[in-house]
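J.: Take this structure, written in structure tokens, and hold onto it; I'll ask about it next.
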Number of protein chains: 2
Amino acid sequence: MNNKPIIHTKEACNAAVNAVRDTLYVVNGKWKLPMLVSLMTGPKRFKELQRELESITPKVLSKELRDLELNGFIKRTVYDTTPVTVIYERTDYADSLSNVINEMREWGMNHREHIKQMSRDEAEARKAVAV
Amino acid sequence: MNNKPIIHTKEACNAAVNAVRDTLYVVNGKWKLPMLVSLMTGPKRFKELQRELESITPKVLSKELRDLELNGFIKRTVYDTTPVTVIYERTDYADSLSNVINEMREWGMNHREHIKQMSRDEAEARKAVAV
DNA sequence: CCGGATCCGCCTAGATACTG
DNA sequence: CAGTATCTAGGCGGATCCGG
């Protein structure tokens, strides 16, 4: 019918775009990744996380922890001491992100080089014009 | 020195986190992916893109196009007609994203199922308590 | 100690109107 | 046609104070 030879129906593309956006959403923001990284060395208490992430405010930390919990990346456990002790720890499910994260890390590093090269090329072009 | 057996130095982790954030940043937002998808079927003019992406405003489209161009994902060409014709097209470099995008798409789809399962489990738990 | 509640400033997407 | 100019709104991150 048209010149698109492949399986790119509009609906499939939209579903794909949405799936990608979901992924973007769950790891996006300033703190989510550092938090998951910080929890890789073991379970932590609220205050410990706050100290490690230096400069995060309790409100934001609390919200981010809730987000991560809702997505199943961390588990929150309350111990009935006085005062209460709250422990946060990574779940196994958090590891399911590793492929995505690695791809992103790798691409991001290459991209940094690519951008540098682009601006070098551009500088050369400007020089050529200037002469 | 400490109990971390692996190669996770603080600096390496930070660099990794930054690389990941770069990747997140360049494809983030409501429009970047749909735009790249739309340009997969061939070069397009400004107005064509606006029509395909229905509901994007020219200001936002213009900004997003600039972003994509700065990252080297698209090429902008001005033809000296009256009135001027401007053509946007994907670069080969845009294809370098395919691995990342595919991983994200796949993970996003699985995650949707995972979330569903989590809420089902939770509903079960509530039912058990209610009885 | 672990947060919740409230207020506040910023950034940016969007709406609308306009220009070369 | 291919954008720019101006204004507004709302969401997010931060600061500060409060409570269990």
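Here, A, B, ... name the chains of the structure tokens in the order displayed, residue numbers run from 1 inside each chain, and ligands are numbered from 1 in the same displayed order.
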Output the contact residues of chain B with respect to chain D at a cut-off of 9 Å, based on only C-alpha atoms (C1' of nucleotides), as a PDB file with all heavy atoms, in the first residue's frame.
T.:
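Now in part.pdb:
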```
ATOM      1  N   PHE B  46       8.803  21.345   8.321  1.00  0.00           N
ATOM      2  CA  PHE B  46       8.317  21.782   9.635  1.00  0.00           C
ATOM      3  C   PHE B  46       6.825  21.529   9.777  1.00  0.00           C
ATOM      4  O   PHE B  46       6.368  20.898  10.742  1.00  0.00           O
ATOM      5  CB  PHE B  46       8.616  23.271   9.809  1.00  0.00           C
ATOM      6  CG  PHE B  46       8.372  23.795  11.194  1.00  0.00           C
ATOM      7  CD1 PHE B  46       9.378  23.782  12.144  1.00  0.00           C
ATOM      8  CD2 PHE B  46       7.133  24.302  11.534  1.00  0.00           C
ATOM      9  CE1 PHE B  46       9.148  24.272  13.416  1.00  0.00           C
ATOM     10  CE2 PHE B  46       6.903  24.794  12.812  1.00  0.00           C
ATOM     11  CZ  PHE B  46       7.909  24.779  13.754  1.00  0.00           C
ATOM     12  N   LYS B  47       6.076  21.999   8.808  1.00  0.00           N
ATOM     13  CA  LYS B  47       4.616  21.895   8.896  1.00  0.00           C
ATOM     14  C   LYS B  47       4.155  20.446   8.862  1.00  0.00           C
ATOM     15  O   LYS B  47       3.185  20.087   9.544  1.00  0.00           O
ATOM     16  CB  LYS B  47       3.992  22.670   7.732  1.00  0.00           C
ATOM     17  CG  LYS B  47       2.565  23.118   7.980  1.00  0.00           C
ATOM     18  CD  LYS B  47       2.514  24.158   9.073  1.00  0.00           C
ATOM     19  CE  LYS B  47       1.089  24.698   9.236  1.00  0.00           C
ATOM     20  NZ  LYS B  47       1.062  25.782  10.245  1.00  0.00           N
ATOM     21  N   PRO B  58       4.113  25.242  17.546  1.00  0.00           N
ATOM     22  CA  PRO B  58       5.306  25.540  16.759  1.00  0.00           C
ATOM     23  C   PRO B  58       6.500  25.908  17.638  1.00  0.00           C
ATOM     24  O   PRO B  58       7.622  25.520  17.331  1.00  0.00           O
ATOM     25  CB  PRO B  58       4.886  26.732  15.895  1.00  0.00           C
ATOM     26  CG  PRO B  58       3.582  27.174  16.401  1.00  0.00           C
ATOM     27  CD  PRO B  58       2.967  26.053  17.146  1.00  0.00           C
ATOM     28  N   LYS B  59       6.242  26.604  18.708  1.00  0.00           N
ATOM     29  CA  LYS B  59       7.348  26.985  19.578  1.00  0.00           C
ATOM     30  C   LYS B  59       8.061  25.763  20.124  1.00  0.00           C
ATOM     31  O   LYS B  59       9.282  25.666  20.096  1.00  0.00           O
ATOM     32  CB  LYS B  59       6.837  27.836  20.733  1.00  0.00           C
ATOM     33  CG  LYS B  59       7.897  28.125  21.764  1.00  0.00           C
ATOM     34  CD  LYS B  59       7.289  28.747  22.989  1.00  0.00           C
ATOM     35  CE  LYS B  59       8.236  28.665  24.163  1.00  0.00           C
ATOM     36  NZ  LYS B  59       7.600  29.133  25.392  1.00  0.00           N
ATOM     37  N   SER B  62       9.846  23.780  17.410  1.00  0.00           N
ATOM     38  CA  SER B  62      11.079  24.459  17.025  1.00  0.00           C
ATOM     39  C   SER B  62      12.198  24.195  18.028  1.00  0.00           C
ATOM     40  O   SER B  62      13.335  23.906  17.653  1.00  0.00           O
ATOM     41  CB  SER B  62      10.787  25.954  16.904  1.00  0.00           C
ATOM     42  OG  SER B  62      11.935  26.715  17.124  1.00  0.00           O
ATOM     43  N   PRO B  83       8.425  30.944  -0.640  1.00  0.00           N
ATOM     44  CA  PRO B  83       9.168  31.128   0.615  1.00  0.00           C
ATOM     45  C   PRO B  83      10.126  29.985   0.854  1.00  0.00           C
ATOM     46  O   PRO B  83      10.015  28.956   0.196  1.00  0.00           O
ATOM     47  CB  PRO B  83       8.059  31.150   1.665  1.00  0.00           C
ATOM     48  CG  PRO B  83       6.967  30.349   1.058  1.00  0.00           C
ATOM     49  CD  PRO B  83       7.055  30.503  -0.416  1.00  0.00           C
ATOM     50  N   VAL B  84      11.005  30.153   1.800  1.00  0.00           N
ATOM     51  CA  VAL B  84      12.031  29.146   2.037  1.00  0.00           C
ATOM     52  C   VAL B  84      11.418  27.799   2.388  1.00  0.00           C
ATOM     53  O   VAL B  84      10.334  27.737   2.963  1.00  0.00           O
ATOM     54  CB  VAL B  84      12.981  29.555   3.175  1.00  0.00           C
ATOM     55  CG1 VAL B  84      13.794  30.749   2.781  1.00  0.00           C
ATOM     56  CG2 VAL B  84      12.234  29.769   4.467  1.00  0.00           C
ATOM     57  N   THR B  85      12.107  26.757   2.025  1.00  0.00           N
ATOM     58  CA  THR B  85      11.705  25.408   2.399  1.00  0.00           C
ATOM     59  C   THR B  85      12.757  24.870   3.359  1.00  0.00           C
ATOM     60  O   THR B  85      13.948  25.000   3.106  1.00  0.00           O
ATOM     61  CB  THR B  85      11.643  24.504   1.165  1.00  0.00           C
ATOM     62  OG1 THR B  85      10.854  25.140   0.176  1.00  0.00           O
ATOM     63  CG2 THR B  85      11.065  23.160   1.521  1.00  0.00           C
ATOM     64  N   VAL B  86      12.304  24.291   4.459  1.00  0.00           N
ATOM     65  CA  VAL B  86      13.239  23.724   5.425  1.00  0.00           C
ATOM     66  C   VAL B  86      12.931  22.246   5.596  1.00  0.00           C
ATOM     67  O   VAL B  86      11.786  21.866   5.814  1.00  0.00           O
ATOM     68  CB  VAL B  86      13.153  24.436   6.778  1.00  0.00           C
ATOM     69  CG1 VAL B  86      14.162  23.866   7.748  1.00  0.00           C
ATOM     70  CG2 VAL B  86      13.381  25.924   6.599  1.00  0.00           C
TER      71      VAL B  86
END
```
J.: If you run DSSP on the backbone here, which positions in chain B get helix (DSSP H, G or I)? Please write them as number ranges by chain.
T.: B: 10-27, 32-41, 46-52, 58-70, 92-130
J.: Please report as a PyMOL selection string which residues of chain C come no farther than 9 Å from chain A, using only C-alpha atoms (C1' of nucleotides).
T.: chain C and resi 1-4
J.: Would you put the residues from that selection into a file with N, CA and C atoms (P, O5', C5', C4', C3', O3' and C1' of nucleotides), as a short mmCIF file (atom, residue, chain, number, x, y, z; two decimals), in the first residue's frame?
T.:
```
data_model
loop_
_atom_site.label_atom_id
_atom_site.label_comp_id
_atom_site.auth_asym_id
_atom_site.auth_seq_id
_atom_site.Cartn_x
_atom_site.Cartn_y
_atom_site.Cartn_z
P DC C 1 19.23 10.76 64.80
"O5'" DC C 1 18.13 9.86 65.54
"C5'" DC C 1 18.12 8.44 65.38
"C4'" DC C 1 16.82 8.00 64.73
"C3'" DC C 1 16.77 8.27 63.22
"O3'" DC C 1 16.30 7.10 62.58
"C1'" DC C 1 14.87 9.24 64.29
P DC C 2 16.28 7.03 60.97
"O5'" DC C 2 14.77 7.41 60.64
"C5'" DC C 2 13.74 6.52 61.07
"C4'" DC C 2 12.40 7.04 60.63
"C3'" DC C 2 12.29 7.37 59.14
"O3'" DC C 2 11.05 6.91 58.65
"C1'" DC C 2 11.64 9.22 60.41
P DG C 3 10.84 6.72 57.07
"O5'" DG C 3 11.09 8.18 56.53
"C5'" DG C 3 10.04 8.83 55.84
"C4'" DG C 3 9.25 9.70 56.81
"C3'" DG C 3 8.28 10.65 56.14
"O3'" DG C 3 7.01 10.05 56.03
"C1'" DG C 3 9.32 11.53 58.11
P DG C 4 6.07 10.53 54.87
"O5'" DG C 4 5.17 11.66 55.55
"C5'" DG C 4 4.36 11.33 56.67
"C4'" DG C 4 3.66 12.59 57.17
"C3'" DG C 4 2.92 13.37 56.09
"O3'" DG C 4 1.70 13.87 56.64
"C1'" DG C 4 4.59 14.74 57.06
#
```
J.: Would you mind telling me which residue in A:Ile87, A:Ala125, A:Ile56, A:Ala16 lies nearest to chain B when using only C-alpha atoms?
T.: A:Ala16
J.: Set the cut-off to 6 Å and count only C-alpha atoms: what are the residues of chain A that reach chain B? Output as a PyMOL selection string.
T.: chain A and resi 16+19-20+22-23+100+103-105+108-109
J.: Emit the selected residues as a PDB file, in the first residue's frame, including all heavy atoms.
T.:
```pdb
ATOM      1  N   ALA A  16       5.331   1.105  21.602  1.00  0.00           N
ATOM      2  CA  ALA A  16       6.767   1.102  21.867  1.00  0.00           C
ATOM      3  C   ALA A  16       7.194   2.403  22.513  1.00  0.00           C
ATOM      4  O   ALA A  16       7.919   2.412  23.512  1.00  0.00           O
ATOM      5  CB  ALA A  16       7.527   0.878  20.561  1.00  0.00           C
ATOM      6  N   ALA A  19       6.174   2.428  26.065  1.00  0.00           N
ATOM      7  CA  ALA A  19       7.012   1.559  26.895  1.00  0.00           C
ATOM      8  C   ALA A  19       8.329   2.244  27.212  1.00  0.00           C
ATOM      9  O   ALA A  19       8.796   2.228  28.354  1.00  0.00           O
ATOM     10  CB  ALA A  19       7.248   0.226  26.185  1.00  0.00           C
ATOM     11  N   VAL A  20       8.904   2.878  26.199  1.00  0.00           N
ATOM     12  CA  VAL A  20      10.159   3.588  26.419  1.00  0.00           C
ATOM     13  C   VAL A  20       9.965   4.720  27.417  1.00  0.00           C
ATOM     14  O   VAL A  20      10.775   4.934  28.321  1.00  0.00           O
ATOM     15  CB  VAL A  20      10.719   4.142  25.092  1.00  0.00           C
ATOM     16  CG1 VAL A  20      11.940   4.995  25.342  1.00  0.00           C
ATOM     17  CG2 VAL A  20      11.046   3.013  24.145  1.00  0.00           C
ATOM     18  N   ASP A  22       7.787   4.882  29.784  1.00  0.00           N
ATOM     19  CA  ASP A  22       7.675   4.305  31.128  1.00  0.00           C
ATOM     20  C   ASP A  22       9.057   4.106  31.722  1.00  0.00           C
ATOM     21  O   ASP A  22       9.327   4.467  32.864  1.00  0.00           O
ATOM     22  CB  ASP A  22       6.954   2.951  31.076  1.00  0.00           C
ATOM     23  CG  ASP A  22       5.478   3.120  30.786  1.00  0.00           C
ATOM     24  OD1 ASP A  22       4.999   4.281  30.828  1.00  0.00           O
ATOM     25  OD2 ASP A  22       4.804   2.116  30.528  1.00  0.00           O
ATOM     26  N   THR A  23       9.926   3.518  30.923  1.00  0.00           N
ATOM     27  CA  THR A  23      11.282   3.270  31.405  1.00  0.00           C
ATOM     28  C   THR A  23      11.986   4.563  31.760  1.00  0.00           C
ATOM     29  O   THR A  23      12.609   4.678  32.820  1.00  0.00           O
ATOM     30  CB  THR A  23      12.094   2.522  30.337  1.00  0.00           C
ATOM     31  OG1 THR A  23      11.382   1.358  29.947  1.00  0.00           O
ATOM     32  CG2 THR A  23      13.456   2.143  30.875  1.00  0.00           C
ATOM     33  N   VAL A 100      19.377  -2.189  30.831  1.00  0.00           N
ATOM     34  CA  VAL A 100      19.036  -0.849  30.354  1.00  0.00           C
ATOM     35  C   VAL A 100      20.076   0.152  30.815  1.00  0.00           C
ATOM     36  O   VAL A 100      20.599   0.939  30.022  1.00  0.00           O
ATOM     37  CB  VAL A 100      17.666  -0.411  30.901  1.00  0.00           C
ATOM     38  CG1 VAL A 100      17.076   0.670  30.034  1.00  0.00           C
ATOM     39  CG2 VAL A 100      16.714  -1.570  31.021  1.00  0.00           C
ATOM     40  N   GLU A 103      23.353  -0.128  28.949  1.00  0.00           N
ATOM     41  CA  GLU A 103      23.255   0.432  27.601  1.00  0.00           C
ATOM     42  C   GLU A 103      23.277   1.947  27.659  1.00  0.00           C
ATOM     43  O   GLU A 103      23.959   2.608  26.876  1.00  0.00           O
ATOM     44  CB  GLU A 103      21.948  -0.031  26.924  1.00  0.00           C
ATOM     45  CG  GLU A 103      21.960  -1.479  26.454  1.00  0.00           C
ATOM     46  CD  GLU A 103      22.872  -1.685  25.239  1.00  0.00           C
ATOM     47  OE1 GLU A 103      23.264  -0.687  24.612  1.00  0.00           O
ATOM     48  OE2 GLU A 103      23.201  -2.844  24.945  1.00  0.00           O
ATOM     49  N   MET A 104      22.538   2.481  28.598  1.00  0.00           N
ATOM     50  CA  MET A 104      22.484   3.934  28.711  1.00  0.00           C
ATOM     51  C   MET A 104      23.838   4.513  29.085  1.00  0.00           C
ATOM     52  O   MET A 104      24.273   5.529  28.538  1.00  0.00           O
ATOM     53  CB  MET A 104      21.455   4.342  29.771  1.00  0.00           C
ATOM     54  CG  MET A 104      20.035   4.095  29.365  1.00  0.00           C
ATOM     55  SD  MET A 104      18.890   5.139  30.294  1.00  0.00           S
ATOM     56  CE  MET A 104      17.870   3.907  31.053  1.00  0.00           C
ATOM     57  N   ARG A 105      24.500   3.832  30.008  1.00  0.00           N
ATOM     58  CA  ARG A 105      25.810   4.312  30.432  1.00  0.00           C
ATOM     59  C   ARG A 105      26.769   4.323  29.250  1.00  0.00           C
ATOM     60  O   ARG A 105      27.458   5.310  28.990  1.00  0.00           O
ATOM     61  CB  ARG A 105      26.339   3.416  31.542  1.00  0.00           C
ATOM     62  CG  ARG A 105      27.684   3.822  32.091  1.00  0.00           C
ATOM     63  CD  ARG A 105      28.096   2.937  33.236  1.00  0.00           C
ATOM     64  NE  ARG A 105      27.942   1.521  32.951  1.00  0.00           N
ATOM     65  CZ  ARG A 105      28.713   0.819  32.112  1.00  0.00           C
ATOM     66  NH1 ARG A 105      29.710   1.409  31.498  1.00  0.00           N
ATOM     67  NH2 ARG A 105      28.486  -0.461  31.905  1.00  0.00           N
ATOM     68  N   GLY A 108      25.803   6.917  26.659  1.00  0.00           N
ATOM     69  CA  GLY A 108      26.076   8.253  27.187  1.00  0.00           C
ATOM     70  C   GLY A 108      27.549   8.612  27.092  1.00  0.00           C
ATOM     71  O   GLY A 108      27.912   9.737  26.750  1.00  0.00           O
ATOM     72  N   MET A 109      28.395   7.623  27.363  1.00  0.00           N
ATOM     73  CA  MET A 109      29.823   7.896  27.290  1.00  0.00           C
ATOM     74  C   MET A 109      30.260   8.135  25.856  1.00  0.00           C
ATOM     75  O   MET A 109      31.024   9.058  25.572  1.00  0.00           O
ATOM     76  CB  MET A 109      30.600   6.739  27.916  1.00  0.00           C
ATOM     77  CG  MET A 109      30.455   6.746  29.429  1.00  0.00           C
ATOM     78  SD  MET A 109      31.350   5.420  30.247  1.00  0.00           S
ATOM     79  CE  MET A 109      31.298   5.990  31.959  1.00  0.00           C
TER      80      MET A 109
END
```
J.: For Tyr88 (chain A), which residue out of A:Lys32, A:Pro43, A:Thr9, A:Leu49 is the nearest one, using only C-alpha atoms?
T.: A:Pro43
J.: For CA of Asp95 (chain B) and CA of Asp121 (chain A), determine how far apart the two atoms are, in Å to one decimal place.
T.: 20.5 Å
